[in-house]
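What follows is run.txt (compact mmCIF, C-alpha atoms (C1' of nucleotides)).
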# COMPACT_ATOMS: atom_id res chain seq x y z
CA MET D 1 -17.34 57.08 168.83
CA ARG D 2 -17.11 60.52 170.39
CA LYS D 3 -18.21 60.39 173.99
CA LYS D 4 -20.33 63.33 175.02
CA ALA D 5 -20.57 64.45 178.61
CA PRO D 6 -23.65 62.66 179.98
CA GLY D 7 -26.71 64.82 179.87
CA SER D 8 -25.14 67.39 177.59
CA TYR D 9 -26.04 68.25 173.99
CA HIS D 10 -24.05 67.89 170.84
CA HIS D 11 -24.40 71.46 169.67
CA GLY D 12 -24.00 70.82 165.98
CA ASP D 13 -21.16 68.36 165.83
CA LEU D 14 -23.50 65.39 166.00
CA ARG D 15 -23.98 65.48 162.26
CA ARG D 16 -20.28 65.00 161.68
CA SER D 17 -20.03 62.41 164.45
CA LEU D 18 -22.75 60.37 162.76
CA ILE D 19 -21.03 60.54 159.37
CA ASP D 20 -17.71 59.53 160.91
CA ALA D 21 -19.31 56.69 162.85
CA GLY D 22 -21.08 55.58 159.68
CA ARG D 23 -17.89 55.46 157.65
CA MET D 24 -16.13 53.58 160.41
CA LEU D 25 -18.87 50.97 160.69
CA LEU D 26 -19.08 50.68 156.91
CA ALA D 27 -15.37 49.87 156.80
CA LYS D 28 -15.69 47.36 159.65
CA ASN D 29 -18.76 45.43 158.49
CA ASN D 30 -17.23 44.26 155.23
CA SER D 31 -19.86 44.78 152.57
CA GLY D 32 -22.56 44.54 155.21
CA GLY D 33 -25.38 46.99 155.47
CA LEU D 34 -25.32 49.86 157.88
CA SER D 35 -27.81 50.12 160.72
CA LEU D 36 -28.96 53.57 161.73
CA ARG D 37 -29.40 52.37 165.30
CA GLU D 38 -25.85 51.05 165.32
CA VAL D 39 -24.51 54.36 164.03
CA ALA D 40 -26.40 56.21 166.74
CA LYS D 41 -25.07 53.90 169.43
CA VAL D 42 -21.48 54.38 168.27
CA ALA D 43 -22.03 58.14 168.23
CA GLY D 44 -23.33 57.90 171.78
CA VAL D 45 -26.90 59.07 171.22
CA SER D 46 -30.32 57.49 171.18
CA HIS D 47 -31.45 55.77 168.02
CA THR D 48 -33.85 58.59 167.15
CA ALA D 49 -31.35 61.43 167.49
CA PRO D 50 -30.05 61.07 163.90
CA TYR D 51 -33.46 62.20 162.64
CA ARG D 52 -32.62 65.73 163.87
CA HIS D 53 -29.92 65.86 161.18
CA PHE D 54 -31.03 63.46 158.45
CA LYS D 55 -34.59 62.97 157.29
CA ASP D 56 -33.98 59.26 156.81
CA LYS D 57 -31.28 56.63 156.44
CA ALA D 58 -30.81 57.37 152.73
CA GLU D 59 -29.85 60.95 153.58
CA LEU D 60 -27.14 59.78 155.98
CA LEU D 61 -25.81 57.42 153.33
CA ALA D 62 -25.82 60.26 150.82
CA ALA D 63 -23.85 62.41 153.28
CA ILE D 64 -21.29 59.61 153.69
CA ALA D 65 -20.99 59.25 149.92
CA GLU D 66 -20.46 62.99 149.74
CA THR D 67 -17.43 62.81 152.04
CA GLY D 68 -16.14 60.09 149.71
CA PHE D 69 -16.35 62.44 146.73
CA HIS D 70 -14.62 65.19 148.66
CA GLN D 71 -11.80 62.81 149.59
CA LEU D 72 -11.46 61.44 146.07
CA ARG D 73 -11.37 64.93 144.61
CA ALA D 74 -8.82 66.10 147.22
CA ASP D 75 -6.62 63.04 146.62
CA ALA D 76 -6.68 63.49 142.85
CA GLU D 77 -6.15 67.24 143.17
CA ARG D 78 -2.97 66.74 145.15
CA VAL D 79 -1.63 64.34 142.52
CA ALA D 80 -2.73 66.64 139.69
CA HIS D 81 -0.84 69.52 141.30
CA THR D 82 2.33 67.48 141.72
CA TYR D 83 2.42 66.62 138.02
CA ARG D 84 0.99 69.90 136.73
CA GLU D 85 3.92 70.44 134.35
CA THR D 86 3.70 67.05 132.65
CA PRO D 87 0.15 66.40 131.36
CA LEU D 88 0.85 62.80 130.42
CA GLN D 89 2.12 61.90 133.89
CA GLN D 90 -0.68 63.95 135.39
CA TYR D 91 -3.20 61.78 133.61
CA THR D 92 -1.48 58.50 134.45
CA HIS D 93 -0.95 59.22 138.13
CA CYS D 94 -4.44 60.61 138.67
CA ALA D 95 -5.86 57.48 137.07
CA ALA D 96 -3.79 55.31 139.40
CA ARG D 97 -5.02 57.37 142.38
CA TYR D 98 -8.66 56.81 141.36
CA VAL D 99 -8.11 53.07 141.24
CA ARG D 100 -6.35 53.10 144.60
CA PHE D 101 -9.20 55.03 146.18
CA ALA D 102 -11.69 52.36 145.13
CA VAL D 103 -9.43 49.54 146.26
CA GLU D 104 -8.67 51.16 149.62
CA ASN D 105 -12.28 52.23 150.31
CA PRO D 106 -14.40 49.56 148.66
CA GLU D 107 -17.45 50.16 150.86
CA THR D 108 -17.42 53.91 150.29
CA ALA D 109 -16.89 53.32 146.57
CA HIS D 110 -19.79 50.89 146.66
CA LEU D 111 -21.94 53.60 148.21
CA MET D 112 -20.79 56.24 145.71
CA PHE D 113 -20.91 54.16 142.56
CA GLY D 114 -22.77 50.95 143.32
CA GLY D 115 -26.20 52.17 142.37
CA GLY D 116 -27.61 52.45 145.88
CA ILE D 117 -27.91 56.17 145.22
CA ASP D 118 -29.44 57.46 142.00
CA MET D 119 -27.76 60.75 141.11
CA ARG D 120 -30.92 61.89 139.35
CA THR D 121 -32.75 62.10 142.68
CA ALA D 122 -29.80 62.68 145.01
CA PRO D 123 -29.50 65.66 147.38
CA PRO D 124 -28.08 68.75 145.60
CA SER D 125 -24.91 68.84 147.70
CA LEU D 126 -24.11 65.27 146.67
CA LYS D 127 -24.72 66.04 143.00
CA GLN D 128 -22.42 69.02 143.37
CA ALA D 129 -19.66 66.99 145.05
CA SER D 130 -19.75 64.32 142.36
CA TRP D 131 -19.82 66.92 139.62
CA ALA D 132 -16.82 68.70 141.16
CA THR D 133 -14.88 65.45 140.99
CA PHE D 134 -15.73 65.04 137.31
CA GLU D 135 -14.75 68.66 136.69
CA LEU D 136 -11.22 67.97 137.88
CA LEU D 137 -10.98 65.25 135.25
CA ILE D 138 -12.21 67.66 132.60
CA GLU D 139 -9.51 70.14 133.64
CA ILE D 140 -6.85 67.46 133.35
CA ILE D 141 -8.03 66.52 129.87
CA GLU D 142 -8.22 70.18 128.86
CA ASN D 143 -4.67 70.63 130.14
CA GLY D 144 -3.35 67.85 127.96
CA LYS D 145 -5.39 69.01 125.02
CA GLN D 146 -3.79 72.45 125.12
CA ALA D 147 -0.40 70.78 125.31
CA GLY D 148 -1.29 69.02 122.06
CA LEU D 149 -1.45 65.62 123.74
CA TYR D 150 -5.00 64.57 122.88
CA LYS D 151 -7.18 64.37 119.80
CA ALA D 152 -9.12 67.46 118.72
CA VAL D 153 -12.38 65.81 119.77
CA ASP D 154 -15.06 67.24 122.06
CA THR D 155 -13.43 67.43 125.50
CA MET D 156 -16.57 65.95 127.03
CA ASP D 157 -16.25 62.81 124.94
CA LEU D 158 -12.57 62.47 125.81
CA ALA D 159 -13.35 62.93 129.50
CA VAL D 160 -16.24 60.46 129.52
CA ALA D 161 -14.22 57.81 127.69
CA THR D 162 -11.33 58.20 130.11
CA TRP D 163 -13.53 58.33 133.16
CA SER D 164 -15.44 55.24 132.02
CA GLY D 165 -12.24 53.26 131.60
CA ILE D 166 -10.73 54.17 134.94
CA HIS D 167 -14.07 53.93 136.71
CA GLY D 168 -14.83 50.51 135.25
CA LEU D 169 -11.40 49.17 136.08
CA SER D 170 -11.67 50.44 139.66
CA LEU D 171 -15.02 48.74 140.22
CA LEU D 172 -14.02 45.48 138.53
CA ILE D 173 -11.01 45.28 140.83
CA ALA D 174 -12.84 46.45 143.96
CA ASN D 175 -15.59 43.87 143.41
CA GLY D 176 -13.14 41.04 142.92
CA TYR D 177 -13.65 40.36 139.22
CA LEU D 178 -9.98 40.57 138.40
CA THR D 179 -8.36 38.77 141.33
CA GLN D 180 -7.02 36.17 138.90
CA LEU D 181 -5.13 38.91 137.04
CA ALA D 182 -4.19 41.25 139.83
CA ALA D 183 -4.16 40.26 143.48
CA SER D 184 -1.40 42.25 145.17
CA ASP D 185 -1.20 46.04 145.36
CA SER D 186 1.76 46.17 142.97
CA GLN D 187 -0.05 43.94 140.45
CA ILE D 188 -3.07 46.23 140.66
CA ASP D 189 -0.88 49.29 140.06
CA GLY D 190 0.72 47.55 137.11
CA LEU D 191 -2.62 46.60 135.58
CA ALA D 192 -3.92 50.13 136.12
CA GLN D 193 -0.91 51.58 134.32
CA ARG D 194 -1.24 49.22 131.36
CA VAL D 195 -4.97 49.91 131.06
CA ALA D 196 -4.44 53.68 131.35
CA ARG D 197 -1.88 53.42 128.56
CA LEU D 198 -4.28 51.45 126.35
CA LEU D 199 -7.00 54.03 126.95
CA LEU D 200 -4.52 56.61 125.79
CA GLU D 201 -3.17 54.83 122.73
CA GLY D 202 -6.22 52.76 121.84
CA ILE D 203 -6.39 49.02 121.33
CA ARG D 204 -6.38 49.29 117.56
CA LYS D 205 -3.21 48.48 115.68
CA MET X 1 -46.39 35.15 140.98
CA ARG X 2 -47.11 31.54 140.04
CA LYS X 3 -50.16 30.30 141.89
CA LYS X 4 -49.85 26.78 143.17
CA ALA X 5 -52.84 24.60 143.79
CA PRO X 6 -53.66 25.13 147.46
CA GLY X 7 -52.24 22.38 149.65
CA SER X 8 -49.98 21.06 146.91
CA TYR X 9 -46.18 21.12 146.76
CA HIS X 10 -43.87 22.83 144.37
CA HIS X 11 -41.86 19.80 143.34
CA GLY X 12 -38.68 21.58 142.43
CA ASP X 13 -39.90 24.57 140.49
CA LEU X 14 -40.05 26.72 143.62
CA ARG X 15 -36.41 27.66 143.23
CA ARG X 16 -37.07 29.14 139.81
CA SER X 17 -40.32 30.75 140.97
CA LEU X 18 -38.44 32.51 143.76
CA ILE X 19 -35.76 33.79 141.39
CA ASP X 20 -38.41 35.04 138.96
CA ALA X 21 -40.39 36.69 141.74
CA GLY X 22 -37.19 38.26 143.03
CA ARG X 23 -36.28 39.76 139.68
CA MET X 24 -39.81 41.06 139.22
CA LEU X 25 -39.84 42.73 142.63
CA LEU X 26 -36.36 44.11 142.09
CA ALA X 27 -37.54 45.76 138.89
CA LYS X 28 -40.67 47.12 140.57
CA ASN X 29 -39.14 48.56 143.77
CA ASN X 30 -36.84 50.99 141.99
CA SER X 31 -33.49 50.71 143.69
CA GLY X 32 -35.20 49.47 146.83
CA GLY X 33 -34.04 46.46 148.73
CA LEU X 34 -35.62 43.09 148.34
CA SER X 35 -37.46 41.39 151.16
CA LEU X 36 -37.24 37.61 151.38
CA ARG X 37 -40.70 37.52 152.93
CA GLU X 38 -42.07 39.58 150.07
CA VAL X 39 -40.49 37.24 147.51
CA ALA X 40 -42.03 34.25 149.29
CA LYS X 41 -45.45 35.88 149.34
CA VAL X 42 -45.31 36.65 145.61
CA ALA X 43 -44.24 33.06 144.94
CA GLY X 44 -47.20 31.90 147.01
CA VAL X 45 -45.37 30.13 149.82
CA SER X 46 -44.70 30.79 153.48
CA HIS X 47 -41.83 33.08 154.38
CA THR X 48 -39.68 30.17 155.55
CA ALA X 49 -40.06 28.05 152.41
CA PRO X 50 -37.18 29.79 150.56
CA TYR X 51 -34.75 28.33 153.09
CA ARG X 52 -35.32 24.92 151.49
CA HIS X 53 -33.59 26.24 148.37
CA PHE X 54 -31.28 29.04 149.56
CA LYS X 55 -29.27 28.99 152.75
CA ASP X 56 -29.89 32.71 153.22
CA LYS X 57 -30.93 35.89 151.44
CA ALA X 58 -27.47 36.46 149.98
CA GLU X 59 -27.70 33.12 148.19
CA LEU X 60 -30.99 34.10 146.55
CA LEU X 61 -29.50 37.42 145.47
CA ALA X 62 -26.49 35.56 144.06
CA ALA X 63 -28.85 33.30 142.10
CA ILE X 64 -30.65 36.34 140.68
CA ALA X 65 -27.34 37.91 139.70
CA GLU X 66 -26.47 34.63 138.02
CA THR X 67 -29.52 34.82 135.76
CA GLY X 68 -28.39 38.34 134.92
CA PHE X 69 -25.02 37.05 133.73
CA HIS X 70 -26.70 34.33 131.70
CA GLN X 71 -28.93 36.89 130.04
CA LEU X 72 -26.10 39.33 129.37
CA ARG X 73 -23.96 36.56 127.90
CA ALA X 74 -26.86 35.29 125.73
CA ASP X 75 -27.67 38.82 124.52
CA ALA X 76 -24.06 39.54 123.61
CA GLU X 77 -23.64 36.12 122.03
CA ARG X 78 -26.54 36.73 119.68
CA VAL X 79 -25.06 40.06 118.61
CA ALA X 80 -21.58 38.54 118.29
CA HIS X 81 -22.96 35.84 116.02
CA THR X 82 -24.78 38.32 113.80
CA TYR X 83 -21.58 40.29 113.16
CA ARG X 84 -19.20 37.32 113.21
CA GLU X 85 -17.73 38.23 109.80
CA THR X 86 -16.86 41.83 110.67
CA PRO X 87 -14.78 41.99 113.87
CA LEU X 88 -14.96 45.75 114.13
CA GLN X 89 -18.76 45.83 114.00
CA GLN X 90 -18.83 42.81 116.29
CA TYR X 91 -16.93 44.78 118.91
CA THR X 92 -19.00 47.94 118.50
CA HIS X 93 -22.39 46.28 118.60
CA CYS X 94 -21.54 44.01 121.52
CA ALA X 95 -20.36 47.06 123.44
CA ALA X 96 -23.64 48.82 122.71
CA ARG X 97 -25.54 45.72 123.87
CA TYR X 98 -23.65 45.71 127.16
CA VAL X 99 -24.57 49.31 127.80
CA ARG X 100 -28.20 48.67 126.88
CA PHE X 101 -28.37 45.73 129.28
CA ALA X 102 -27.28 47.92 132.17
CA VAL X 103 -29.66 50.71 131.20
CA GLU X 104 -32.61 48.36 130.74
CA ASN X 105 -31.93 46.32 133.89
CA PRO X 106 -30.40 48.79 136.32
CA GLU X 107 -31.38 46.83 139.44
CA THR X 108 -29.99 43.56 138.13
CA ALA X 109 -26.85 45.38 137.00
CA HIS X 110 -26.64 46.91 140.46
CA LEU X 111 -26.79 43.42 141.94
CA MET X 112 -24.20 42.04 139.54
CA PHE X 113 -21.73 44.89 139.59
CA GLY X 114 -22.64 47.18 142.46
CA GLY X 115 -20.44 45.56 145.07
CA GLY X 116 -23.20 43.86 147.04
CA ILE X 117 -21.64 40.57 146.02
CA ASP X 118 -17.91 40.04 146.34
CA MET X 119 -16.82 37.68 143.58
CA ARG X 120 -13.98 36.43 145.75
CA THR X 121 -16.47 34.78 148.12
CA ALA X 122 -19.38 34.22 145.72
CA PRO X 123 -20.96 30.80 145.05
CA PRO X 124 -18.99 28.84 142.40
CA SER X 125 -21.86 28.84 139.90
CA LEU X 126 -21.99 32.64 140.03
CA LYS X 127 -18.24 32.93 139.55
CA GLN X 128 -18.56 30.59 136.58
CA ALA X 129 -21.41 32.58 135.03
CA SER X 130 -19.53 35.87 135.34
CA TRP X 131 -16.37 34.29 134.02
CA ALA X 132 -18.25 32.88 131.02
CA THR X 133 -19.44 36.39 130.18
CA PHE X 134 -15.88 37.71 130.29
CA GLU X 135 -14.75 34.78 128.15
CA LEU X 136 -17.06 35.89 125.35
CA LEU X 137 -15.33 39.26 125.38
CA ILE X 138 -11.95 37.56 125.21
CA GLU X 139 -13.14 35.59 122.17
CA ILE X 140 -14.28 38.77 120.47
CA ILE X 141 -10.93 40.43 121.09
CA GLU X 142 -9.08 37.32 119.93
CA ASN X 143 -11.21 37.34 116.78
CA GLY X 144 -10.25 40.90 115.94
CA LYS X 145 -6.65 40.26 116.83
CA GLN X 146 -6.42 37.41 114.32
CA ALA X 147 -7.99 39.69 111.72
CA GLY X 148 -5.13 42.09 112.39
CA LEU X 149 -7.43 44.68 113.93
CA TYR X 150 -5.81 45.08 117.36
CA LYS X 151 -2.37 45.70 118.76
CA ALA X 152 -0.07 42.72 119.36
CA VAL X 153 -0.45 43.18 123.11
CA ASP X 154 -1.43 40.53 125.67
CA THR X 155 -5.07 39.68 124.85
CA MET X 156 -5.91 39.83 128.55
CA ASP X 157 -4.79 43.47 128.75
CA LEU X 158 -6.78 44.37 125.63
CA ALA X 159 -9.86 42.61 127.03
CA VAL X 160 -9.59 44.21 130.48
CA ALA X 161 -9.12 47.70 129.01
CA THR X 162 -12.13 47.26 126.74
CA TRP X 163 -14.27 45.69 129.43
CA SER X 164 -13.36 48.45 131.89
CA GLY X 165 -14.39 51.16 129.45
CA ILE X 166 -17.72 49.62 128.49
CA HIS X 167 -18.41 48.53 132.06
CA GLY X 168 -17.63 51.96 133.48
CA LEU X 169 -19.74 53.74 130.90
CA SER X 170 -22.67 51.40 131.56
CA LEU X 171 -22.59 52.00 135.30
CA LEU X 172 -22.09 55.76 135.02
CA ILE X 173 -25.16 55.94 132.80
CA ALA X 174 -27.24 53.47 134.82
CA ASN X 175 -26.51 55.37 138.03
CA GLY X 176 -27.44 58.71 136.53
CA TYR X 177 -24.01 60.36 136.41
CA LEU X 178 -24.30 61.27 132.75
CA THR X 179 -27.92 62.42 132.46
CA GLN X 180 -26.66 65.87 131.49
CA LEU X 181 -24.87 64.38 128.49
CA ALA X 182 -27.21 61.57 127.50
CA ALA X 183 -30.82 61.38 128.60
CA SER X 184 -32.74 59.67 125.80
CA ASP X 185 -32.09 56.17 124.48
CA SER X 186 -30.73 57.48 121.20
CA GLN X 187 -28.39 59.89 122.99
CA ILE X 188 -27.15 57.00 125.11
CA ASP X 189 -26.53 54.89 122.02
CA GLY X 190 -24.67 57.77 120.42
CA LEU X 191 -22.48 58.33 123.47
CA ALA X 192 -21.78 54.59 123.70
CA GLN X 193 -20.66 54.53 120.07
CA ARG X 194 -18.37 57.52 120.45
CA VAL X 195 -16.83 56.11 123.63
CA ALA X 196 -16.39 52.66 122.04
CA ARG X 197 -14.62 54.35 119.12
CA LEU X 198 -12.32 56.29 121.47
CA LEU X 199 -11.45 53.09 123.33
CA LEU X 200 -10.52 51.65 119.97
CA GLU X 201 -8.50 54.56 118.61
CA GLY X 202 -7.26 56.02 121.88
CA ILE X 203 -7.61 59.58 123.08
CA ARG X 204 -4.04 60.49 122.15
CA LYS X 205 -3.44 62.56 119.04
C1' DA L 1 -38.79 15.90 151.19
C1' DC L 2 -41.19 19.91 151.55
C1' DC L 3 -43.70 23.26 153.88
C1' DT L 4 -45.80 25.76 157.99
C1' DG L 5 -46.56 28.97 162.32
C1' DA L 6 -44.70 30.70 166.30
C1' DA L 7 -40.84 32.89 168.19
C1' DC L 8 -36.46 35.82 168.58
C1' DA L 9 -33.65 39.54 167.94
C1' DC L 10 -33.26 42.96 165.08
C1' DC L 11 -34.56 47.08 161.95
C1' DG L 12 -36.44 52.11 160.18
C1' DT L 13 -39.62 55.43 161.42
C1' DT L 14 -43.11 58.09 164.15
C1' DC L 15 -44.60 60.57 168.07
C1' DA L 16 -45.70 62.36 172.52
C1' DA L 17 -42.91 63.81 176.15
C1' DG L 18 -38.93 65.78 178.50
C1' DT L 19 -34.95 69.63 179.18
C1' DA E 1 -33.44 73.33 169.73
C1' DC E 2 -32.15 68.92 170.83
C1' DC E 3 -32.76 64.54 172.64
C1' DT E 4 -35.40 60.47 174.72
C1' DG E 5 -38.40 55.97 175.36
C1' DA E 6 -42.23 53.60 173.97
C1' DA E 7 -44.59 51.89 170.15
C1' DC E 8 -45.53 50.11 165.27
C1' DA E 9 -44.90 47.52 161.38
C1' DC E 10 -41.55 45.33 159.37
C1' DC E 11 -37.33 42.22 158.64
C1' DG E 12 -33.97 37.68 158.43
C1' DT E 13 -33.42 33.47 160.62
C1' DT E 14 -34.31 29.36 163.64
C1' DC E 15 -36.92 25.51 165.09
C1' DA E 16 -40.32 22.24 166.49
C1' DA E 17 -44.18 20.48 164.24
C1' DG E 18 -47.07 18.92 160.43
C1' DT E 19 -48.01 16.10 155.71
Any chance you could give the structure as C-alpha cells?
Amino acid sequence: MRKKAPGSYHHGDLRRSLIDAGRMLLAKNNSGGLSLREVAKVAGVSHTAPYRHFKDKAELLAAIAETGFHQLRADAERVAHTYRETPLQQYTHCAARYVRFAVENPETAHLMFGGGIDMRTAPPSLKQASWATFELLIEIIENGKQAGLYKAVDTMDLAVATWSGIHGLSLLIANGYLTQLAASDSQIDGLAQRVARLLLEGIRK
Amino acid sequence: MRKKAPGSYHHGDLRRSLIDAGRMLLAKNNSGGLSLREVAKVAGVSHTAPYRHFKDKAELLAAIAETGFHQLRADAERVAHTYRETPLQQYTHCAARYVRFAVENPETAHLMFGGGIDMRTAPPSLKQASWATFELLIEIIENGKQAGLYKAVDTMDLAVATWSGIHGLSLLIANGYLTQLAASDSQIDGLAQRVARLLLEGIRK
DNA sequence: ACCTGAACACCGTTCAAGT
DNA sequence: ACCTGAACACCGTTCAAGT
C-alpha cells in the first residue's frame, strides 16, 4: 500500500499501514484467509516487520476487528444523532444501519462476529471497542424507555433481545442464508424493517 | 481415530472417519484451525488420502458443517415432538435447544454460521441440510399460527424474525460477548428464556 | 479403486545480524 | 528502535507410482 522511501523507517505509522493493508486484502480475497506475509508485502516491508507491532497474526486480526467496531459504532452514532428526537425511528434506522454494515463489510463482520476471536480472551482494547458499540444500543433503548416506548423490563434484557435479533439477521444475510428471501439491497432493507418491527411488536397475536 | 488393519483399505468408511476425526480435532483445538494433514493422521491414512473423498479442504469443512446441521435438526426435532401439543412450549424449548447447541459445540457452530462457508456457493447437500433445519422452524411457527398463537403475518417473516433472534443470541453467547450477563449454564438458559419471551411479546409497551 | 511418497509453493514464527 | 534475510517446522495441493 503506502510506499516508503527506500531505506527509510516507518516511524510509527507502520501499525496503521498494516491494519489498512489487512482490511484491503480481506475485502479483496473474498472470504479467504489473510496472510501476514502478504499484508507485509502490501505495506512495503519485510515479512517479519509486523512482529514489531503485533505479537502474532491473531493480534493483527484483533486490531482489524477493532477498527470494524469503531466504524460500526461511528456509523450507528451518526444515525442515532439524526433521529435523536424520535426514539422509534432512531431504533429502526440504527437497526437498518447495523444490517447494512454487515452486508457491506462481510469479511470484517466475519472477523468481528464469526467466532475467530473469543471475546473472553481478546485484547482489552478490542473488548472495550465492542463494549462501546453495545453501550450505544443500551443508550438507544434507554432513550425509548424514558419516552414510554418500551416495556418496563430490565433494560439489559431489552437490549440483548434487540441486539440478538438485529445481529442474527445481519449474519444470516451476510452468510447467504436468506438469498431466497432477500437478494437485492432494497429487498434486504425491506426485510430488515419488517424484522425490526416484529422485534418491536412481538410475533404473538 | 479408527485404526485400520495395516496394509488394508478403508472400503468407503474413510469419508466418515475423516469427518469424525475432523469434528474431534475441531473440538480439541479450541477455535484453532483444522489441518487436513492432521485429520488424515488421526484417521490413520496418508495426508493425500482425503483427496479421494474431498476435492479440497473446504469440501471437508462443508461436510463437517453438514453433520452439524443434521445434529441440530435432529436435536430440535426431538424437542419439537415432545412438546407437539403445546405450541408455545414447543417454541420456547426449541429455542433453548438451539442456544444450547451453539454453546455446546462452539467450533461446529462457528463453521456453520461464522461466515467461513458462503451458502450461496456451498455444496448442494449442505444447502439442503441447512434449509431442512430452517424448515423445521417454519413448521413450528406454522403450528402455532394455526393454534391462533401468532400474528396473521407472512409465516416467512415470523420465522426469519424468530430465527434471527435465537441465532443472534446463540452466537453472541458462543463468542463470549455476553459473559458479563450470563456465565453459567443456568444463567444462559435463563437469559435464553427471557429473550425468547421478548421475541414473542415484543419489546414495545 | 484406493492409497502412498516425493515435490512445490506457500505459511507463521524465531533469531542473529544490520542501521 | 526498527527492520532484514536465513532458517525451521509446518501447511494445502499435485502427481507419478504402487497394489
Task: Contact residues (chain E, partner chain D, 9 Å, all atoms listed in the file) as a ChimeraX atom specification - done: /E:2-4
Since we have the selection now, will you write its residues out, keeping C-alpha atoms (C1' of nucleotides), as a short mmCIF file (atom, residue, chain, number, x, y, z; two decimals), in the frame of the given file?
data_model
loop_
_atom_site.label_atom_id
_atom_site.label_comp_id
_atom_site.auth_asym_id
_atom_site.auth_seq_id
_atom_site.Cartn_x
_atom_site.Cartn_y
_atom_site.Cartn_z
"C1'" DC E 2 -32.15 68.92 170.83
"C1'" DC E 3 -32.76 64.54 172.64
"C1'" DT E 4 -35.40 60.47 174.72
#
Open item on the list: With all atoms listed in the file considered, list every residue of chain D at most 6 Å from chain X, as a list in words.
Closed with: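 That gives His110, Gly114, Gly115, Asp118, Met119, Arg120, Leu149, Tyr150, Lys151, Ala161, Ser164, Gly165, His167, Gly168, Leu169, Asn175, Gly176, Val195, Leu199, Leu200, Glu201, Gly202, Ile203, Arg204 and Lys205 of chain D for chain D.
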Open item on the list: Residues within 9 Å of stretch 8-12 of chain L, please, as a list in words. Count all atoms listed in the file; anything in the same chain fewer than 2 positions from it doesn't count.
Closed with: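 Here the answer would be Ser35, Leu36, Arg37, Asp56 and Lys57 of chain D; DC10, DC11, DG12, DT13 and DT14 of chain E.
Interatomic distance, atom CA of D:Glu139 to atom CA of X:Ala95: 27.5 Å.
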Open item on the list: If I take atom CA of X:Gln193 and atom CA of D:Tyr91, how far is one from the other in Å, to one decimal?
Closed with: 23.3 Å
Open item on the list: Could you list, as a PyMOL selection string, every residue within 10 Å of D:Leu72, counting all atoms listed in the file and ignoring same-chain residues fewer than 3 positions away?
Closed with: chain D and resi 66-69+75-77+97-98+100-102+109+129-130+133
Dump as a short mmCIF file (atom, residue, chain, number, x, y, z; two decimals), keeping the file's coordinate frame, selection limited to C-alpha atoms:
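And here's selection_17.cif as it stands now:
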data_model
loop_
_atom_site.label_atom_id
_atom_site.label_comp_id
_atom_site.auth_asym_id
_atom_site.auth_seq_id
_atom_site.Cartn_x
_atom_site.Cartn_y
_atom_site.Cartn_z
CA GLU D 66 -20.46 62.99 149.74
CA THR D 67 -17.43 62.81 152.04
CA GLY D 68 -16.14 60.09 149.71
CA PHE D 69 -16.35 62.44 146.73
CA ASP D 75 -6.62 63.04 146.62
CA ALA D 76 -6.68 63.49 142.85
CA GLU D 77 -6.15 67.24 143.17
CA ARG D 97 -5.02 57.37 142.38
CA TYR D 98 -8.66 56.81 141.36
CA ARG D 100 -6.35 53.10 144.60
CA PHE D 101 -9.20 55.03 146.18
CA ALA D 102 -11.69 52.36 145.13
CA ALA D 109 -16.89 53.32 146.57
CA ALA D 129 -19.66 66.99 145.05
CA SER D 130 -19.75 64.32 142.36
CA THR D 133 -14.88 65.45 140.99
#
